[in-house]
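A.B. asks: Got a structure for you, data-v9.cif, holding mmCIF, C-alpha atoms and all ligand atoms.
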data_upload
#
loop_
_atom_site.label_atom_id
_atom_site.label_comp_id
_atom_site.auth_asym_id
_atom_site.auth_seq_id
_atom_site.Cartn_x
_atom_site.Cartn_y
_atom_site.Cartn_z
CA MET A 1 49.38 -30.46 -20.65
CA GLU A 2 46.88 -27.60 -20.55
CA TRP A 3 47.63 -23.93 -20.32
CA ARG A 4 45.59 -23.47 -17.26
CA ASP A 5 47.76 -23.22 -14.17
CA VAL A 6 46.93 -25.79 -11.56
CA ASN A 7 45.01 -23.88 -8.95
CA PRO A 8 42.13 -24.37 -6.60
CA MET A 9 40.05 -22.04 -8.74
CA HIS A 10 39.82 -24.40 -11.67
CA THR A 11 36.46 -25.99 -12.03
CA SER A 12 35.92 -28.66 -14.62
CA ARG A 13 32.62 -30.12 -15.73
CA ARG A 14 31.18 -32.05 -12.84
CA GLU A 15 28.06 -33.95 -12.05
CA PHE A 16 25.15 -31.55 -11.79
CA VAL A 17 23.03 -31.34 -8.68
CA THR A 18 20.17 -28.96 -8.02
CA ALA A 19 20.77 -25.98 -5.77
CA ALA A 20 17.40 -26.65 -4.15
CA ALA A 21 18.59 -30.03 -2.91
CA LEU A 22 21.67 -28.40 -1.39
CA LEU A 23 19.64 -25.68 0.29
CA GLY A 24 17.58 -28.38 2.01
CA SER A 25 20.30 -29.20 4.54
CA ALA A 26 20.09 -25.74 6.09
CA ALA A 27 16.66 -26.31 7.60
CA ALA A 28 17.39 -26.40 11.32
CA VAL A 29 16.09 -24.46 14.30
CA ARG A 30 17.61 -21.13 15.22
CA PRO A 31 19.06 -21.20 18.74
CA ALA A 32 17.33 -18.79 21.11
CA LEU A 33 20.49 -17.27 22.64
CA ALA A 34 22.29 -15.83 19.69
CA GLN A 35 21.01 -12.88 17.69
CA ALA A 36 22.40 -11.75 14.38
CA PRO A 37 23.77 -8.21 14.60
CA SER A 38 21.07 -5.77 13.53
CA ALA A 39 21.55 -4.04 10.19
CA ASP A 40 23.93 -1.07 10.28
CA PRO A 41 22.85 1.80 7.99
CA SER A 42 26.43 2.92 7.24
CA THR A 43 28.69 0.95 4.88
CA PRO A 44 32.45 0.45 4.45
CA ALA A 45 32.10 2.33 1.15
CA ASP A 46 31.16 5.40 3.25
CA GLY A 47 34.75 5.22 4.47
CA GLY A 48 33.63 5.96 8.01
CA ARG A 49 33.32 3.98 11.20
CA ALA A 50 30.43 1.61 11.75
CA ALA A 51 27.44 2.99 13.63
CA ARG A 52 27.70 0.04 16.03
CA PRO A 53 31.16 -1.45 16.67
CA LEU A 54 31.07 -5.24 16.67
CA GLU A 55 33.19 -7.90 18.31
CA ILE A 56 34.31 -10.05 15.38
CA LEU A 57 36.09 -13.40 15.48
CA ILE A 58 38.14 -14.25 12.40
CA LEU A 59 39.01 -17.90 11.89
CA GLY A 60 42.37 -17.58 10.12
CA GLY A 61 43.45 -14.06 9.34
CA THR A 62 47.20 -14.02 8.76
CA ILE A 63 48.07 -14.81 5.15
CA PHE A 64 46.29 -12.92 2.34
CA LEU A 65 42.55 -12.32 2.58
CA GLY A 66 42.60 -12.48 6.38
CA PRO A 67 44.77 -9.38 6.81
CA ALA A 68 42.52 -7.45 4.38
CA ILE A 69 39.49 -8.40 6.50
CA VAL A 70 41.32 -7.36 9.66
CA ASP A 71 42.30 -4.00 8.10
CA ALA A 72 38.72 -3.34 6.95
CA ALA A 73 37.29 -4.31 10.35
CA LYS A 74 39.76 -2.08 12.21
CA ARG A 75 39.00 0.87 9.92
CA ARG A 76 35.31 0.45 10.74
CA GLY A 77 36.08 0.48 14.47
CA HIS A 78 35.34 -3.18 15.22
CA LYS A 79 37.13 -5.23 17.85
CA VAL A 80 38.80 -8.24 16.23
CA THR A 81 39.96 -11.56 17.67
CA LEU A 82 42.01 -13.99 15.56
CA PHE A 83 41.94 -17.78 15.87
CA ASN A 84 44.68 -19.80 14.17
CA ARG A 85 47.64 -22.09 14.87
CA GLY A 86 50.20 -19.29 15.01
CA LYS A 87 52.22 -20.83 12.18
CA HIS A 88 51.85 -18.03 9.61
CA ASN A 89 52.97 -14.49 10.41
CA PRO A 90 52.30 -14.72 14.16
CA GLU A 91 53.99 -11.33 14.60
CA TRP A 92 51.33 -9.51 12.54
CA PHE A 93 48.64 -7.54 14.36
CA PRO A 94 50.28 -7.37 17.82
CA GLU A 95 47.36 -5.20 18.97
CA LEU A 96 44.75 -7.95 18.46
CA GLU A 97 43.67 -10.74 20.76
CA LYS A 98 45.00 -14.03 19.34
CA LEU A 99 43.54 -17.37 20.24
CA ARG A 100 45.57 -20.44 19.37
CA GLY A 101 44.16 -23.77 18.31
CA ASP A 102 43.37 -25.92 15.29
CA ARG A 103 40.34 -26.05 12.97
CA ASP A 104 40.56 -29.80 13.37
CA PRO A 105 38.89 -30.43 16.74
CA ASP A 106 40.88 -33.67 17.04
CA LYS A 107 44.29 -32.00 16.71
CA GLY A 108 46.14 -30.60 19.71
CA GLU A 109 44.00 -28.14 21.63
CA GLY A 110 41.50 -28.07 18.74
CA LEU A 111 38.77 -25.47 19.29
CA LYS A 112 39.09 -25.28 23.10
CA ALA A 113 40.09 -21.60 23.01
CA LEU A 114 36.69 -20.71 21.49
CA ALA A 115 34.55 -22.51 24.05
CA GLY A 116 32.25 -20.28 26.10
CA ARG A 117 33.34 -17.08 24.35
CA LYS A 118 30.82 -14.66 22.79
CA TRP A 119 31.15 -12.59 19.63
CA ASP A 120 28.70 -10.63 17.50
CA ALA A 121 29.96 -12.22 14.30
CA VAL A 122 32.46 -14.75 13.01
CA ILE A 123 34.20 -14.63 9.64
CA ASP A 124 35.48 -18.07 8.66
CA ASP A 125 38.33 -17.55 6.23
CA CYS A 126 40.04 -20.94 6.41
CA GLY A 127 37.36 -23.63 6.23
CA TYR A 128 38.27 -26.36 3.76
CA PHE A 129 36.77 -29.52 5.26
CA PRO A 130 33.12 -29.88 6.35
CA ARG A 131 34.06 -31.69 9.58
CA HIS A 132 36.12 -28.67 10.65
CA VAL A 133 33.46 -26.10 9.71
CA LYS A 134 30.71 -28.14 11.39
CA ALA A 135 32.75 -28.32 14.60
CA SER A 136 33.47 -24.58 14.80
CA ALA A 137 30.01 -23.49 13.63
CA GLU A 138 28.19 -25.77 16.07
CA LEU A 139 30.43 -24.71 18.95
CA LEU A 140 29.95 -21.00 18.19
CA ALA A 141 26.25 -21.03 17.22
CA PRO A 142 24.81 -20.50 20.74
CA ASN A 143 27.15 -17.58 21.47
CA VAL A 144 27.66 -15.81 18.14
CA GLY A 145 25.11 -13.87 16.11
CA HIS A 146 26.23 -14.34 12.54
CA TYR A 147 28.57 -16.57 10.48
CA THR A 148 30.24 -15.47 7.25
CA PHE A 149 31.86 -18.31 5.36
CA ILE A 150 34.47 -17.52 2.70
CA SER A 151 33.83 -20.01 -0.06
CA THR A 152 34.74 -19.91 -3.76
CA ILE A 153 33.22 -19.95 -7.24
CA SER A 154 34.86 -23.38 -7.55
CA THR A 155 31.71 -24.59 -5.76
CA TYR A 156 29.86 -24.59 -9.08
CA ALA A 157 29.53 -27.81 -11.02
CA SER A 158 30.34 -26.18 -14.34
CA SER A 159 31.76 -22.95 -15.71
CA GLU A 160 30.31 -23.42 -19.16
CA VAL A 161 27.36 -21.02 -18.94
CA GLU A 162 28.08 -17.30 -19.30
CA GLY A 163 26.75 -14.89 -16.68
CA ALA A 164 25.53 -17.62 -14.31
CA ASP A 165 24.39 -16.57 -10.84
CA GLU A 166 24.19 -18.16 -7.40
CA SER A 167 21.42 -20.52 -8.49
CA ALA A 168 23.81 -22.46 -10.76
CA PRO A 169 24.17 -26.18 -9.93
CA LEU A 170 26.81 -27.02 -7.34
CA ALA A 171 29.63 -29.56 -7.46
CA THR A 172 29.36 -32.88 -5.67
CA MET A 173 31.78 -35.62 -4.67
CA ALA A 174 31.24 -39.32 -4.22
CA ASP A 175 32.86 -39.52 -0.78
CA PRO A 176 32.03 -36.44 1.31
CA THR A 177 34.27 -37.63 4.15
CA LEU A 178 37.46 -37.26 2.08
CA GLU A 179 39.82 -34.68 3.55
CA GLU A 180 42.15 -33.98 0.64
CA PHE A 181 41.96 -31.71 -2.40
CA GLY A 182 42.89 -34.39 -4.96
CA LYS A 183 45.64 -34.38 -7.60
CA SER A 184 44.17 -31.52 -9.64
CA PHE A 185 42.28 -29.90 -6.77
CA GLU A 186 39.14 -31.60 -8.03
CA TYR A 187 37.72 -31.96 -4.50
CA TYR A 188 38.41 -28.37 -3.43
CA GLY A 189 35.11 -27.03 -4.83
CA PRO A 190 32.83 -29.89 -3.72
CA LEU A 191 34.39 -29.77 -0.24
CA LYS A 192 33.68 -26.04 -0.04
CA VAL A 193 30.03 -26.78 -0.97
CA LEU A 194 29.84 -29.15 2.00
CA CYS A 195 31.53 -26.55 4.22
CA GLU A 196 28.92 -23.95 3.18
CA GLN A 197 26.17 -26.40 4.11
CA ALA A 198 27.78 -27.16 7.48
CA ALA A 199 27.86 -23.45 8.33
CA GLU A 200 24.28 -22.93 7.13
CA ALA A 201 23.05 -25.92 9.12
CA ALA A 202 24.57 -24.60 12.36
CA PHE A 203 23.54 -20.96 11.72
CA PRO A 204 20.23 -21.22 9.83
CA GLN A 205 19.14 -17.85 8.43
CA ARG A 206 22.28 -16.36 10.02
CA THR A 207 24.91 -17.41 7.48
CA CYS A 208 26.44 -15.42 4.66
CA VAL A 209 28.35 -17.43 2.06
CA ILE A 210 30.78 -15.43 -0.05
CA ARG A 211 32.03 -17.06 -3.26
CA PRO A 212 35.00 -15.14 -4.65
CA GLY A 213 36.68 -15.73 -7.98
CA PHE A 214 40.44 -15.08 -8.24
CA ILE A 215 41.44 -12.95 -5.26
CA VAL A 216 44.30 -10.64 -6.24
CA GLY A 217 46.37 -7.75 -4.95
CA PRO A 218 48.96 -7.04 -2.26
CA LYS A 219 50.17 -10.07 -0.22
CA ASP A 220 48.97 -12.62 -2.80
CA THR A 221 51.20 -15.62 -2.12
CA THR A 222 50.46 -17.29 -5.47
CA ASP A 223 51.84 -14.62 -7.90
CA ARG A 224 49.11 -15.60 -10.37
CA PHE A 225 47.99 -12.02 -10.92
CA THR A 226 51.34 -10.48 -9.93
CA TYR A 227 52.91 -12.25 -12.93
CA TRP A 228 51.19 -9.84 -15.35
CA PRO A 229 52.37 -6.43 -14.08
CA VAL A 230 55.82 -7.86 -13.30
CA ARG A 231 56.09 -9.34 -16.80
CA VAL A 232 54.97 -6.09 -18.39
CA VAL A 233 57.76 -4.22 -16.62
CA ARG A 234 60.27 -6.43 -18.52
CA GLY A 235 58.93 -4.88 -21.73
CA ASP A 236 59.51 -6.13 -25.30
CA ASP A 237 57.19 -8.48 -27.14
CA MET A 238 55.15 -10.33 -24.57
CA LEU A 239 53.19 -13.52 -25.02
CA ALA A 240 49.50 -12.83 -24.52
CA PRO A 241 47.07 -15.76 -24.50
CA GLY A 242 43.94 -16.08 -26.60
CA SER A 243 42.37 -12.83 -27.71
CA PRO A 244 42.41 -9.29 -26.25
CA THR A 245 38.63 -9.56 -25.81
CA ASP A 246 38.76 -12.70 -23.61
CA PRO A 247 36.96 -11.81 -20.35
CA VAL A 248 38.77 -11.71 -16.99
CA GLN A 249 37.27 -11.52 -13.51
CA VAL A 250 39.40 -10.83 -10.44
CA ILE A 251 38.53 -9.31 -7.09
CA ASP A 252 40.90 -7.01 -5.25
CA VAL A 253 41.60 -8.52 -1.84
CA ARG A 254 40.89 -5.15 -0.21
CA ASP A 255 37.40 -4.95 -1.79
CA LEU A 256 36.68 -8.49 -0.64
CA GLY A 257 37.90 -7.72 2.89
CA GLU A 258 35.46 -4.81 3.04
CA PHE A 259 32.60 -6.94 1.74
CA ALA A 260 33.24 -9.63 4.38
CA VAL A 261 33.04 -6.96 7.09
CA LEU A 262 29.92 -5.50 5.48
CA ALA A 263 28.36 -8.98 5.57
CA ALA A 264 28.94 -9.10 9.33
CA GLU A 265 27.68 -5.56 9.90
CA LYS A 266 24.53 -5.99 7.84
CA ALA A 267 24.04 -9.61 8.92
CA LEU A 268 23.70 -10.55 5.25
CA THR A 269 22.30 -14.00 4.57
CA GLY A 270 22.45 -16.24 1.53
CA ARG A 271 25.10 -16.84 -1.11
CA PHE A 272 26.99 -14.11 -2.97
CA ASN A 273 29.37 -14.39 -5.92
CA ALA A 274 32.20 -11.97 -5.24
CA CYS A 275 33.81 -11.44 -8.63
CA GLY A 276 35.18 -8.13 -9.82
CA PRO A 277 36.26 -5.71 -10.95
CA GLY A 278 33.49 -3.14 -11.47
CA GLU A 279 34.50 -2.42 -15.04
CA THR A 280 34.24 -5.07 -17.76
CA LEU A 281 37.76 -6.45 -17.84
CA THR A 282 39.42 -8.35 -20.68
CA MET A 283 42.94 -9.71 -21.17
CA GLY A 284 43.66 -6.78 -23.49
CA LYS A 285 42.49 -4.23 -20.92
CA LEU A 286 44.42 -5.98 -18.16
CA ILE A 287 47.67 -5.75 -20.11
CA GLU A 288 46.92 -2.11 -20.99
CA SER A 289 46.35 -1.40 -17.31
CA CYS A 290 49.66 -3.09 -16.41
CA ASN A 291 51.51 -1.00 -19.02
CA ARG A 292 49.81 2.20 -17.82
CA SER A 293 50.40 1.56 -14.11
CA ALA A 294 54.01 0.49 -14.58
CA GLY A 295 54.86 3.16 -17.16
CA ALA A 296 55.88 0.26 -19.42
CA THR A 297 55.46 -0.42 -23.12
CA ALA A 298 55.32 -4.21 -23.38
CA LYS A 299 53.73 -5.23 -26.68
CA PRO A 300 51.30 -8.14 -26.43
CA VAL A 301 51.61 -10.84 -29.09
CA TRP A 302 48.32 -12.74 -29.08
CA VAL A 303 48.77 -16.48 -29.49
CA THR A 304 45.83 -18.81 -30.08
CA PRO A 305 44.87 -21.37 -27.42
CA GLU A 306 45.37 -24.20 -29.94
CA PHE A 307 48.97 -23.12 -30.63
CA LEU A 308 49.67 -22.70 -26.92
CA ASN A 309 48.36 -26.17 -26.16
CA ALA A 310 50.49 -27.67 -28.92
CA GLN A 311 53.62 -25.91 -27.62
CA ALA A 312 53.20 -26.59 -23.90
CA ARG A 313 55.98 -28.50 -22.15
CA PRO A 314 56.29 -29.55 -18.51
CA GLY A 315 58.23 -26.92 -16.56
CA ASP A 316 57.08 -24.00 -18.74
CA GLY A 317 55.18 -22.50 -15.82
CA GLY A 318 51.70 -22.05 -17.30
CA ILE A 319 49.65 -18.95 -18.01
CA PRO A 320 47.92 -17.73 -14.87
CA ILE A 321 44.52 -16.03 -14.48
CA TRP A 322 43.60 -16.36 -18.16
CA VAL A 323 41.24 -19.20 -18.99
CA GLU A 324 40.35 -20.12 -22.55
CA TYR A 325 37.13 -18.39 -23.54
CA GLY A 326 35.13 -21.21 -25.06
CA GLY A 327 33.84 -24.73 -24.58
CA GLU A 328 33.39 -25.87 -21.01
CA SER A 329 35.25 -22.85 -19.59
CA LYS A 330 33.33 -20.19 -21.55
CA GLY A 331 31.65 -18.85 -18.41
CA PHE A 332 34.71 -19.12 -16.14
CA HIS A 333 35.33 -15.36 -16.07
CA THR A 334 31.73 -14.17 -16.45
CA TRP A 335 29.95 -14.93 -13.15
CA SER A 336 27.11 -12.61 -12.22
CA ASN A 337 28.02 -10.49 -9.19
CA LYS A 338 24.69 -8.63 -9.17
CA ARG A 339 23.50 -10.03 -5.86
CA ALA A 340 26.71 -8.96 -4.06
CA VAL A 341 26.75 -5.54 -5.72
CA ASP A 342 23.11 -4.98 -4.72
CA ALA A 343 24.12 -5.90 -1.16
CA GLY A 344 26.96 -3.37 -1.14
CA LEU A 345 30.07 -4.94 -2.73
CA ARG A 346 32.13 -2.11 -4.22
CA PHE A 347 35.21 -2.23 -6.43
CA ARG A 348 38.28 -0.10 -6.86
CA SER A 349 39.64 0.24 -10.42
CA ILE A 350 41.86 -2.38 -12.01
CA ASP A 351 44.56 0.33 -12.31
CA ASP A 352 44.48 0.70 -8.53
CA THR A 353 44.79 -3.08 -8.07
CA VAL A 354 47.69 -3.33 -10.52
CA ALA A 355 49.53 -0.37 -8.95
CA ALA A 356 49.08 -1.70 -5.40
CA THR A 357 50.23 -5.17 -6.45
CA LEU A 358 53.39 -3.78 -8.05
CA ALA A 359 54.07 -1.50 -5.07
CA TRP A 360 53.79 -4.48 -2.70
CA TRP A 361 55.97 -6.61 -5.01
CA TYR A 362 58.80 -4.07 -4.94
CA GLU A 363 58.65 -4.01 -1.13
CA GLN A 364 59.44 -7.74 -1.01
CA PRO A 365 62.99 -8.94 -0.29
CA ALA A 366 65.18 -9.77 -3.30
CA GLU A 367 64.96 -13.53 -2.59
CA ARG A 368 61.15 -13.39 -2.80
CA ARG A 369 61.31 -11.46 -6.07
CA ALA A 370 63.99 -13.70 -7.62
CA LYS A 371 61.42 -16.11 -9.04
CA LEU A 372 57.71 -15.67 -9.60
CA ARG A 373 55.63 -18.56 -8.27
CA ALA A 374 53.36 -18.54 -11.32
CA GLY A 375 53.58 -17.69 -14.99
CA LEU A 376 55.66 -18.61 -18.01
CA THR A 377 59.41 -18.82 -17.59
CA ALA A 378 61.31 -16.36 -19.80
CA GLU A 379 62.78 -19.32 -21.73
CA ALA A 380 59.38 -20.86 -22.44
CA GLU A 381 57.97 -17.52 -23.52
CA SER A 382 60.85 -16.88 -25.98
CA ARG A 383 60.59 -20.40 -27.38
CA ILE A 384 56.85 -20.13 -28.00
CA LEU A 385 57.06 -16.62 -29.44
CA GLU A 386 59.78 -17.77 -31.88
CA ALA A 387 57.69 -20.74 -32.95
CA TRP A 388 54.63 -18.50 -33.33
CA ALA A 389 56.56 -16.03 -35.50
CA LYS A 390 57.71 -18.92 -37.74
CA GLU A 391 54.15 -20.21 -37.99
CA LYS A 392 52.93 -16.76 -39.03
CA THR A 393 55.63 -16.24 -41.68
CA GLY A 394 55.87 -19.86 -42.83
N1 LIG B 1 43.22 -17.02 -3.34
C1 LIG B 1 42.17 -17.08 -4.14
O1 LIG B 1 42.22 -16.67 -5.32
C2 LIG B 1 40.86 -17.61 -3.60
C3 LIG B 1 39.78 -17.66 -4.47
C4 LIG B 1 38.54 -18.05 -3.96
C5 LIG B 1 38.40 -18.38 -2.61
N2 LIG B 1 39.49 -18.34 -1.79
C6 LIG B 1 39.28 -18.63 -0.35
O2 LIG B 1 39.74 -17.51 0.36
C7 LIG B 1 40.09 -17.89 1.71
C8 LIG B 1 41.27 -17.11 2.06
O3 LIG B 1 42.48 -17.79 2.21
P1 LIG B 1 43.76 -17.02 2.81
O4 LIG B 1 44.84 -18.04 2.94
O5 LIG B 1 44.03 -15.78 2.06
O6 LIG B 1 43.20 -16.67 4.28
P2 LIG B 1 43.92 -16.04 5.56
O7 LIG B 1 42.87 -15.95 6.61
O8 LIG B 1 44.67 -14.82 5.25
O9 LIG B 1 44.98 -17.17 5.96
C9 LIG B 1 44.62 -18.48 6.33
C10 LIG B 1 44.61 -18.55 7.87
O10 LIG B 1 44.14 -19.80 8.30
C11 LIG B 1 44.94 -20.25 9.38
N3 LIG B 1 44.85 -21.70 9.40
C12 LIG B 1 45.16 -22.55 8.39
N4 LIG B 1 44.95 -23.83 8.77
C13 LIG B 1 44.49 -23.77 10.05
C14 LIG B 1 44.09 -24.75 11.00
N5 LIG B 1 44.13 -26.08 10.71
N6 LIG B 1 43.66 -24.34 12.20
C15 LIG B 1 43.62 -23.01 12.52
N7 LIG B 1 43.99 -22.04 11.67
C16 LIG B 1 44.42 -22.42 10.45
C17 LIG B 1 46.31 -19.71 9.04
O11 LIG B 1 47.14 -19.54 10.18
P3 LIG B 1 48.08 -20.73 10.72
O12 LIG B 1 48.65 -21.43 9.54
O13 LIG B 1 49.08 -19.96 11.53
O14 LIG B 1 47.19 -21.59 11.52
C18 LIG B 1 45.95 -18.34 8.50
O15 LIG B 1 45.78 -17.41 9.55
C19 LIG B 1 40.10 -19.41 1.70
O16 LIG B 1 38.93 -19.84 2.35
C20 LIG B 1 40.04 -19.80 0.22
O17 LIG B 1 39.32 -20.99 0.01
C21 LIG B 1 40.71 -17.97 -2.25
#
What would you get if you wrote out this structure as structure tokens?
C.D. replies:
Amino acid sequence: MEWRDVNPMHTSRREFVTAAALLGSAAAVRPALAQAPSADPSTPADGGRAARPLEILILGGTIFLGPAIVDAAKRRGHKVTLFNRGKHNPEWFPELEKLRGDRDPDKGEGLKALAGRKWDAVIDDCGYFPRHVKASAELLAPNVGHYTFISTISTYASSEVEGADESAPLATMADPTLEEFGKSFEYYGPLKVLCEQAAEAAFPQRTCVIRPGFIVGPKDTTDRFTYWPVRVVRGDDMLAPGSPTDPVQVIDVRDLGEFAVLAAEKALTGRFNACGPGETLTMGKLIESCNRSAGATAKPVWVTPEFLNAQARPGDGGIPIWVEYGGESKGFHTWSNKRAVDAGLRFRSIDDTVAATLAWWYEQPAERRAKLRAGLTAEAESRILEAWAKEKTG
């Protein structure tokens, strides 16, 4: 067992393919009807309303990133429509128009609710299978100006190289018609690559692809990041993985929401890694930030990856967010975000993210807080810390 929690963010070494070959599929003709929204000189970072309010369709919108996009769009004065099945949090955003249907055009009413409707921009937050993205993008292309597709850094074939940018080789899969993520989410990244291409093919020169790393902050359903501030509040000696200098990249969901709206406003095109925060973050700094924000004094005990791997048992819970800094995952937390920053991506501080995550956590009902969905169990942590102390003294 490895000390990397199973999550759709994990990329392992995959077959390399050139980015140029992947870009090739986007060469189609721009439909005459639809125009991308013209560039807006103001930005969400200005804090103000957009110079030109847009009509924005969000595919998805009601779990984690979606609500942050909705909030950012509303703050900027845009008119938002949501399209989803109405299964998750249908009571949220009573003020918005809600269209019901399914990303799968062959399921139920499929995409019928979108037919014939016009929007300035669409933000696709829940595209996982290329057939679904192709269907929505092709249907919307004649009537919508611009398509933003929320992708992932799991699209890259490898995370070995430090500081890699959007030109890094992309992941591939043998059977592109598969519609499942695989046992260890090994198809999640390659499927997202194909989704990106489907959007770009339907909206040539009118597509923005956003590739976030770990998205964190309030409403995160995974508890991967939440584990750290919550664990710090418990105090005492605390198992800390690897070394305090191991790099960490996370993006606050609120920063990402603003960037998605900025992409629509500025009609950004191309691919953008969306990894934060603005400051250079490490595991040591993250734990310091958790202590500071929570007013806690947990003392990290740094345990080597080799020892952790030797101690791991099924049911221990894993160590979220951290990824071993070395070997084929050396670049996992070091993606270049320069292109997105140059385009206007802005970051709040990690202290702000930690504080907001904890504040949200304490607002949750007791049943939700009874058990974190990620992270080491208290028993596993004590067992490993005891063994580590023996190793050090023995
Ligand atoms: N979390 C991370 O760390 C991370 C990292 C990198 C990239 N990402 C990407 O970030 C995006 C955000 O995910 P999120 O869950 O936070 O987004 P979200 O927009 O907040 O929630 C997902 C939405 O999709 C809708 N939906 C799901 N299946 C659907 C279907 N078949 N037809 C119609 N609507 C459907 C859901 O509503 P209903 O269920 O009611 O239909 C819900 O509104 C994803 O694209 C993910 O790949 C996430």
A.B. asks: Please find the residues contacting ligand LIG 1 (chain B) at a distance of at most 7 Å between atoms, with all atoms listed in the file counted, and report them as a ChimeraX atom specification.
C.D. replies: /A:9,59-67,83-90,101-104,125-128,150-153,211-216
A.B. asks: So what do you get for atom CA of A:Glu363 versus atom CA of A:Ile350, distance-wise?
C.D. replies: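 Atom-to-atom, atom CA of A:Glu363 and atom CA of A:Ile350 are spaced 20.1 Å apart.
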A.B. asks: Please report the interatomic distance between atom CA of A:Leu239 and atom CA of A:Gly317 in Å with one decimal.
C.D. replies: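 According to the coordinates, atom CA of A:Leu239 and atom CA of A:Gly317 are separated by 13.0 Å.
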A.B. asks: With a distance cut-off of 8 Å and all atoms listed in the file, select the neighbouring residues of A:Val80, excluding the residue or stretch itself and same-chain residues fewer than 5 positions from it, and output the selection as JSON, numbers by chain.
C.D. replies: {"A": [55, 56, 57, 58, 70, 73, 74, 96, 97]}
A.B. asks: Under the rule that only C-alpha atoms are counted, which of A:Val323, A:Cys290, A:Leu191, A:Ala264 is the nearest residue to A:Pro130?
C.D. replies: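 Residue with the minimum atom-to-atom distance to A:Pro130: A:Leu191.
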A.B. asks: Please report the interatomic distance between atom CA of A:Gly326 and atom CA of A:Asp237 in Å with one decimal.
C.D. replies: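 Separation of atom CA of A:Gly326 and atom CA of A:Asp237: 25.6 Å.
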A.B. asks: Check the smallest atom-to-atom distance from each of A:Asp124, A:Glu324, A:Pro142, A:Gly257 to A:Asn309 using only C-alpha atoms, then report the winner.
C.D. replies: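 With only C-alpha atoms as the atom set, the closest residue is A:Glu324.
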A.B. asks: Could you please give me, as a PyMOL selection string, the residues of protein, DNA or RNA lying at most 12 Å from (51.1, -2.6, -5.2) in the coordinate frame of the file, considering only C-alpha atoms?
C.D. replies: chain A and resi 216-220+225-226+229-230+252-254+290+293-294+350-364
A.B. asks: Tell me, as a ChimeraX atom specification, which residues lie within 7 Å of A:Thr334, counting only C-alpha atoms; anything in the same chain fewer than 5 positions away does not count.
C.D. replies: /A:162-163,247,249
A.B. asks: Keeping only C-alpha atoms, write the selected residues to a file as a PDB file, in the coordinates of the input.
C.D. replies:
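Writing done, so here's again23.pdb:
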ATOM      1  CA  GLU A 162      28.080 -17.300 -19.300  1.00  0.00           C
ATOM      2  CA  GLY A 163      26.750 -14.890 -16.680  1.00  0.00           C
ATOM      3  CA  PRO A 247      36.960 -11.810 -20.350  1.00  0.00           C
ATOM      4  CA  GLN A 249      37.270 -11.520 -13.510  1.00  0.00           C
TER       5      GLN A 249
END
A.B. asks: Near A:Ala343, within 12 Å and counting all atoms listed in the file, which residues show up once chain neighbours fewer than 5 positions away are dropped, as a VMD selection string?
C.D. replies: chain A and resid 39 43 to 45 208 210 259 to 260 262 to 274 337 to 338
A.B. asks: Can you pull out every residue within 12 Å of A:Glu379, counting all atoms listed in the file, but drop anything in the same chain fewer than 4 positions away, and send it as a PyMOL selection string?
C.D. replies: chain A and resi 239+313+315-317+375+383-386
A.B. asks: Find the residue from A:Ser159, A:Ser336, A:Thr377, A:Thr297 that sits nearest to A:Cys275; use only C-alpha atoms when measuring.
C.D. replies: A:Ser336
A.B. asks: Kindly provide, as a ChimeraX atom specification, the polymer residues lying within 9 Å of (27.4, -20.1, 17.9), counting only C-alpha atoms and using the coordinates exactly as they appear in the file.
C.D. replies: /A:31,33-34,118-119,122,136-147,202-203
A.B. asks: Please determine an axis-aligned box that encloses all atoms of stretch 359-370 of chain A listed in the file, with 6 Å added on each side, and express its centre and edge lengths in Å to one decimal as AutoDock Vina command-line options.
C.D. replies:
--center_x 59.5 --center_y -7.6 --center_z -4.0 --size_x 23.4 --size_y 24.2 --size_z 19.3
A.B. asks: Compare A:Ala240, A:Ala380, A:Ala366, A:Leu194 by their minimum atom-to-atom distance to A:Pro305, counting only C-alpha atoms, and give me the closest one.
C.D. replies: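 Once distances to A:Pro305 are computed over only C-alpha atoms, the minimum belongs to A:Ala240.
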A.B. asks: Starting from the sparse input, extend stretch 71-77 of chain A to N, CA and C atoms and give the output as a short mmCIF file (atom, residue, chain, number, x, y, z; two decimals), in the coordinates of the input.
C.D. replies:
data_model
loop_
_atom_site.label_atom_id
_atom_site.label_comp_id
_atom_site.auth_asym_id
_atom_site.auth_seq_id
_atom_site.Cartn_x
_atom_site.Cartn_y
_atom_site.Cartn_z
N ASP A 71 42.12 -5.44 8.37
CA ASP A 71 42.30 -4.00 8.10
C ASP A 71 40.94 -3.31 7.95
N ALA A 72 40.04 -3.95 7.18
CA ALA A 72 38.72 -3.34 6.95
C ALA A 72 37.95 -3.25 8.27
N ALA A 73 38.03 -4.30 9.08
CA ALA A 73 37.29 -4.31 10.35
C ALA A 73 37.83 -3.23 11.29
N LYS A 74 39.15 -3.10 11.32
CA LYS A 74 39.76 -2.08 12.21
C LYS A 74 39.35 -0.68 11.76
N ARG A 75 39.39 -0.46 10.44
CA ARG A 75 39.00 0.87 9.92
C ARG A 75 37.57 1.22 10.32
N ARG A 76 36.73 0.21 10.39
CA ARG A 76 35.31 0.45 10.74
C ARG A 76 35.10 0.52 12.25
N GLY A 77 36.18 0.33 13.02
CA GLY A 77 36.08 0.48 14.47
C GLY A 77 35.65 -0.77 15.20
#
